[in-house]
Amino acid sequence: MATLPELAVTGSTGQLGGQVARLLSAVGSPQRLLVRDARRAPELDGAVPVVASYADPAQSRAALAGVKTLFMVSAAEAEDRLQQHYAFVDAAAEAGVQHIVYTSFFGAAPRCTFTLGRDHYATEERIKASGMDYTILRDNFYLDFLPLLAGEDGVIRGPAGDGVMAAVARADIARSALTVLSDPALHVGRSYDLTGPEDISLSAAAELLTAGTGRTINYHNETVEEAYASRKPYGAPPWQVDAWVSTYTAIAAGELAGPTSAVHELTGREPLGLAEFLAEAHTL
C-alpha cells in the first residue's frame, strides 16, 4: 500500500477547507483529505480522500495515522460541536499528529459575547493541552456572509447598533493557511488574528452592498428582543438562535473591531475589503 501524505486537511467539501485544499494542490503539496463521504471529496492532484468523522475517535485515529500536520476546520455548527472537537483533537494527539492548525474565531474567550466563540476558545485550550504543536487562525466575521444577511426585502436586521467589525474574506484566510501549512515549523505556538483591512459597520456595509451588487440593501438596527422575535418563525433550537443574535451583539460590543496586519504578514498582500471582495466576486 502506498504511503499516505503526511499533511491532512479537513473540511475540503466545504468552502474554506475546499479553498485550502485547492491552493495546496496548485503548489504541488500532497494531502490527505479527511471527509465523511469519500464520494464528495474534491478531485485534486496529489489529494487522497480518507474517511473520518470528528465524532468517531477510532475512525479518526486510523485516518490520522502517519500524519505530521493537520489542518482542522471547525465543525459545522451543532449543539454538540465542542464535544466533536474534543474527540477529534484527542484522537489526533493519540494518532501521533505533530502539529495542528485550527480555524478559530476572532476574540474567542470564555465569556465572549458571540456564544460560539466560547466553544472556539475551549477548543483552543484543548489543543494547547494536547502536547501537539499548534497554530491558531482566529478568523473575523466572513465578508462572504455579508451579502447573505439581507432578507428578500433587502434589509439586514440585527442588534449591532453602530458597532464595527474587521470582516475578512474567506480567500484571505485560505491564503494565510497555505503559508502556515507550507512551513508549519515557522508558526509553532502562534495565534493569528485574521481580519480585513478596515472596520465596517452594517450600515456602511449595506451601502457598499447596494453599490456592489445592484440590489438595494438597508440595515435595520433591531433591539435584542426584536431580534429574537424576528428569528422565532425559523423554528431553530435556542442555542442556534442565541448564536445568530450574538453575532450582532458582539459587533455592537466592539468585540470584532480592530484590523490587524496578520494577513499581510502571512501572505505578503493586503487583505480584501468589502468593495474589493464584491468586485472580485463579480469577475469570477
# chains A, B, ... in the order shown; residues from 1 in each chain; ligands from 1

call {"tool": "residues_around", "arguments": {"residues": "segment 77-82 of chain A", "least_positions_apart": "3", "cutoff": "7 Å", "atoms": "only C-alpha atoms", "output": "MDAnalysis selection string"}}
result
chainID A and resid 85:86 119 123 239

call {"tool": "residues_around", "arguments": {"residues": "segment 197-206 of chain A", "least_positions_apart": "2", "cutoff": "10 Å", "atoms": "only C-alpha atoms", "output": "PyMOL selection string"}}
result
chain A and resi 143+146-147+149-150+154-158+160-168+194-195+208-212+215-221+248+251-252+256-261+263-264+270-275

call {"tool": "atom_distance", "arguments": {"atom1": "atom CA of Ala8 of chain A", "atom2": "atom CA of His99 of chain A"}}
result
10.5 Å

call {"tool": "closest_residue", "arguments": {"among": "A:Phe277, A:Phe114, A:Phe88, A:Phe106", "to": "Ala243 of chain A", "atoms": "only C-alpha atoms"}}
result
A:Phe114

call {"tool": "closest_residue", "arguments": {"among": "A:Gln19, A:Thr223, A:Ser230, A:Ser130", "to": "Ala177 of chain A", "atoms": "only C-alpha atoms"}}
result
A:Gln19

call {"tool": "closest_atom_pairs", "arguments": {"of": "segment 172-233 of chain A", "to": "segment 133-136 of chain A", "cutoff": "10 Å", "atoms": "only C-alpha atoms", "output": "JSON lines"}}
result
{"residue": "A:Ala177", "atom": "CA", "partner": "A:Thr135", "partner_atom": "CA", "distance": 9.8}
{"residue": "A:Val180", "atom": "CA", "partner": "A:Thr135", "partner_atom": "CA", "distance": 8.1}
{"residue": "A:Leu181", "atom": "CA", "partner": "A:Thr135", "partner_atom": "CA", "distance": 9.7}
{"residue": "A:Pro184", "atom": "CA", "partner": "A:Thr135", "partner_atom": "CA", "distance": 8.1}
{"residue": "A:Ala185", "atom": "CA", "partner": "A:Asp133", "partner_atom": "CA", "distance": 8.8}
{"residue": "A:Leu186", "atom": "CA", "partner": "A:Thr135", "partner_atom": "CA", "distance": 9.8}
{"residue": "A:His187", "atom": "CA", "partner": "A:Thr135", "partner_atom": "CA", "distance": 6.2}
{"residue": "A:Val188", "atom": "CA", "partner": "A:Tyr134", "partner_atom": "CA", "distance": 5.6}
{"residue": "A:Gly189", "atom": "CA", "partner": "A:Tyr134", "partner_atom": "CA", "distance": 5.4}
{"residue": "A:Arg190", "atom": "CA", "partner": "A:Thr135", "partner_atom": "CA", "distance": 5.1}
{"residue": "A:Ser191", "atom": "CA", "partner": "A:Ile136", "partner_atom": "CA", "distance": 4.4}
{"residue": "A:Tyr192", "atom": "CA", "partner": "A:Ile136", "partner_atom": "CA", "distance": 6.2}
{"residue": "A:Asp193", "atom": "CA", "partner": "A:Ile136", "partner_atom": "CA", "distance": 8.5}

call {"tool": "write_last_selection", "arguments": {"atoms": "all heavy atoms", "output": "compact mmCIF listing (two decimals), in the first residue's frame"}}
result
# COMPACT_ATOMS: atom_id res chain seq x y z
N ALA A 177 -3.65 30.33 5.52
CA ALA A 177 -3.47 28.93 5.93
C ALA A 177 -2.44 28.24 5.05
O ALA A 177 -1.62 27.43 5.54
CB ALA A 177 -4.81 28.19 5.84
N VAL A 180 1.03 28.94 6.35
CA VAL A 180 1.32 28.20 7.57
C VAL A 180 1.59 26.74 7.26
O VAL A 180 2.55 26.13 7.76
CB VAL A 180 0.17 28.34 8.58
CG1 VAL A 180 0.39 27.43 9.78
CG2 VAL A 180 0.04 29.79 9.04
N LEU A 181 0.75 26.15 6.43
CA LEU A 181 0.88 24.73 6.12
C LEU A 181 2.10 24.42 5.26
O LEU A 181 2.59 23.29 5.27
CB LEU A 181 -0.39 24.23 5.42
CG LEU A 181 -1.67 24.28 6.26
CD1 LEU A 181 -2.89 24.00 5.40
CD2 LEU A 181 -1.58 23.30 7.42
N PRO A 184 5.09 24.71 8.57
CA PRO A 184 4.47 24.83 9.90
C PRO A 184 5.45 25.18 11.01
O PRO A 184 5.07 25.85 11.98
CB PRO A 184 3.83 23.46 10.12
CG PRO A 184 3.68 22.86 8.77
CD PRO A 184 4.82 23.39 7.97
N ALA A 185 6.68 24.74 10.89
CA ALA A 185 7.66 24.96 11.96
C ALA A 185 7.87 26.44 12.25
O ALA A 185 8.24 26.81 13.38
CB ALA A 185 8.99 24.30 11.61
N LEU A 186 7.64 27.29 11.27
CA LEU A 186 7.82 28.73 11.46
C LEU A 186 6.70 29.36 12.28
O LEU A 186 6.81 30.52 12.68
CB LEU A 186 7.91 29.44 10.10
CG LEU A 186 9.09 29.08 9.20
CD1 LEU A 186 8.98 29.84 7.88
CD2 LEU A 186 10.41 29.40 9.90
N HIS A 187 5.63 28.60 12.52
CA HIS A 187 4.44 29.18 13.14
C HIS A 187 4.01 28.45 14.41
O HIS A 187 2.88 28.60 14.86
CB HIS A 187 3.30 29.18 12.11
CG HIS A 187 3.68 29.82 10.81
ND1 HIS A 187 3.66 31.17 10.62
CD2 HIS A 187 4.13 29.27 9.65
CE1 HIS A 187 4.07 31.45 9.38
NE2 HIS A 187 4.36 30.31 8.78
N VAL A 188 4.90 27.67 14.97
CA VAL A 188 4.58 26.92 16.18
C VAL A 188 4.24 27.86 17.33
O VAL A 188 4.96 28.83 17.60
CB VAL A 188 5.76 26.00 16.58
CG1 VAL A 188 5.50 25.36 17.95
CG2 VAL A 188 5.98 24.92 15.53
N GLY A 189 3.11 27.58 17.98
CA GLY A 189 2.71 28.36 19.14
C GLY A 189 2.16 29.74 18.83
O GLY A 189 1.90 30.52 19.75
N ARG A 190 1.92 30.03 17.55
CA ARG A 190 1.42 31.34 17.17
C ARG A 190 -0.10 31.33 17.02
O ARG A 190 -0.70 30.35 16.58
CB ARG A 190 2.04 31.78 15.84
CG ARG A 190 3.54 31.98 15.85
CD ARG A 190 3.95 33.22 16.62
NE ARG A 190 3.33 34.43 16.09
CZ ARG A 190 3.83 35.15 15.07
NH1 ARG A 190 4.96 34.77 14.48
NH2 ARG A 190 3.21 36.25 14.67
N SER A 191 -0.72 32.45 17.37
CA SER A 191 -2.13 32.69 17.09
C SER A 191 -2.22 33.94 16.24
O SER A 191 -1.62 34.98 16.59
CB SER A 191 -2.92 32.89 18.39
OG SER A 191 -2.97 31.70 19.15
N TYR A 192 -2.92 33.85 15.13
CA TYR A 192 -3.04 34.96 14.20
C TYR A 192 -4.48 35.45 14.16
O TYR A 192 -5.40 34.67 13.89
CB TYR A 192 -2.61 34.54 12.80
CG TYR A 192 -1.15 34.19 12.66
CD1 TYR A 192 -0.73 32.86 12.67
CD2 TYR A 192 -0.18 35.19 12.54
CE1 TYR A 192 0.62 32.53 12.54
CE2 TYR A 192 1.17 34.86 12.41
CZ TYR A 192 1.56 33.54 12.41
OH TYR A 192 2.88 33.22 12.29
N ASP A 193 -4.68 36.75 14.42
CA ASP A 193 -6.00 37.36 14.28
C ASP A 193 -6.14 37.82 12.83
O ASP A 193 -5.53 38.82 12.42
CB ASP A 193 -6.13 38.56 15.23
CG ASP A 193 -6.22 38.13 16.69
OD1 ASP A 193 -6.72 37.02 16.95
OD2 ASP A 193 -5.78 38.90 17.56

call {"tool": "residues_around", "arguments": {"residues": "Leu34 of chain A", "least_positions_apart": "2", "cutoff": "7 Å", "atoms": "only C-alpha atoms", "output": "PyMOL selection string"}}
result
chain A and resi 8-10+32+49-52

call {"tool": "atom_distance", "arguments": {"atom1": "atom CA of Val27 of chain A", "atom2": "atom CA of Ala169 of chain A"}}
result
21.0 Å

call {"tool": "atom_distance", "arguments": {"atom1": "atom CA of Met132 of chain A", "atom2": "atom CA of Pro42 of chain A"}}
result
28.0 Å

call {"tool": "select_by_dssp", "arguments": {"residues": "segment 187-268 of chain A", "states": "helix (DSSP H, G or I)", "output": "PyMOL selection string"}}
result
chain A and resi 187+202-213+224-234+238-252+262-267

call {"tool": "residues_around", "arguments": {"residues": "Glu225 of chain A", "least_positions_apart": "3", "cutoff": "12 Å", "atoms": "only C-alpha atoms", "output": "ChimeraX atom specification"}}
result
/A:158-159,221-222,228-232,241-242,245,249

call {"tool": "write_last_selection", "arguments": {"atoms": "C-alpha atoms", "output": "PDB file, in the first residue's frame"}}
result
ATOM      1  CA  GLY A 158     -29.842  42.677  13.806  1.00  0.00           C
ATOM      2  CA  PRO A 159     -28.907  44.388  17.092  1.00  0.00           C
ATOM      3  CA  ASN A 221     -30.906  48.098  13.945  1.00  0.00           C
ATOM      4  CA  GLU A 222     -33.147  45.766  15.937  1.00  0.00           C
ATOM      5  CA  TYR A 228     -35.283  37.035  18.930  1.00  0.00           C
ATOM      6  CA  ALA A 229     -38.861  37.671  17.800  1.00  0.00           C
ATOM      7  CA  SER A 230     -37.929  38.052  14.125  1.00  0.00           C
ATOM      8  CA  ARG A 231     -35.998  34.785  14.175  1.00  0.00           C
ATOM      9  CA  LYS A 232     -38.628  32.779  16.042  1.00  0.00           C
ATOM     10  CA  VAL A 241     -30.863  31.466  17.788  1.00  0.00           C
ATOM     11  CA  ASP A 242     -28.527  32.615  20.571  1.00  0.00           C
ATOM     12  CA  VAL A 245     -28.333  37.065  17.666  1.00  0.00           C
ATOM     13  CA  THR A 249     -24.444  41.895  19.761  1.00  0.00           C
TER      14      THR A 249
END

call {"tool": "select_by_dssp", "arguments": {"residues": "segment 98-227 of chain A", "states": "strand (DSSP E or B)", "output": "count of residues only"}}
result
33

call {"tool": "closest_residue", "arguments": {"among": "A:Ser60, A:Ala174, A:Gly18, A:Ala227", "to": "Arg40 of chain A", "atoms": "only C-alpha atoms"}}
result
A:Gly18
